[in-house]
Amino acid sequence: MHRSIITRSLSCFLVVALPLSMWAADSSGAMLYANGTAWLNGANVPKTSAVFSGDLIQTKSDSVASIKAAGSNITVQPDSLIQYQGKSLKLEHGAVTVATAKSVVTEIGDVSVKPASGQWTEFRIKDFDGTVQIAANKGDLLVTDAQGNTTTVSQGQETTREDSPAGKHRRRRSGGAVPGAQGSILNSP
């Protein structure tokens, strides 16, 4: 009888703990490593910080930031601004290098870049003044433009796209990082 109670208790614990552990393992969190001056949501990053979906990461002209997540390594190049979204990125301006086995999608204005397969893929994207430069370093890429046209960029190839369709005004870019938080953390609403 005593063994039956222990078995039931253990079974109930596993029924609750297993789904929670599966959820925690699939989180979209990552680690940010700054080399130089970088901002996370407008606050200075000393050297490392956790990042989550929706966080903004910005680098100065003399700095680089690396985001390490399960199955992906993302390098935010100097003078760049991105929004980390877990399984995707939004490049506002600047450049990123993505190495992924998790098919991380990168959006730049109206252009979307994603690996063509679930294999390890490395690519570089640069967006300055509305022109997007895309380079497939390892693996093939699928590039979708504003008109919905999808093309393949083969390994070792490069291509360029405009980040907004002709005739439309390009999106406005803000000048600088989001203002940092002020006051103590306990006074925060």
# chains A, B, ... in the order shown; residues from 1 in each chain; ligands from 1

$ select_by_dssp --residues "stretch 30-153 of chain A" --states "strand (DSSP E or B)" --output "PyMOL selection string"
chain A and resi 30-35+38-40+43-44+48-51+56-59+64-69+72-76+81-84+88-100+105-108+111-115+121-128+131-138+141-144+150-153

$ residues_around --residues "stretch 84-101 of chain A" --least-positions-apart "5" --cutoff "6 Å" --atoms "only C-alpha atoms" --output "PyMOL selection string"
chain A and resi 28+53-55+71-77+79+106-108+118-127
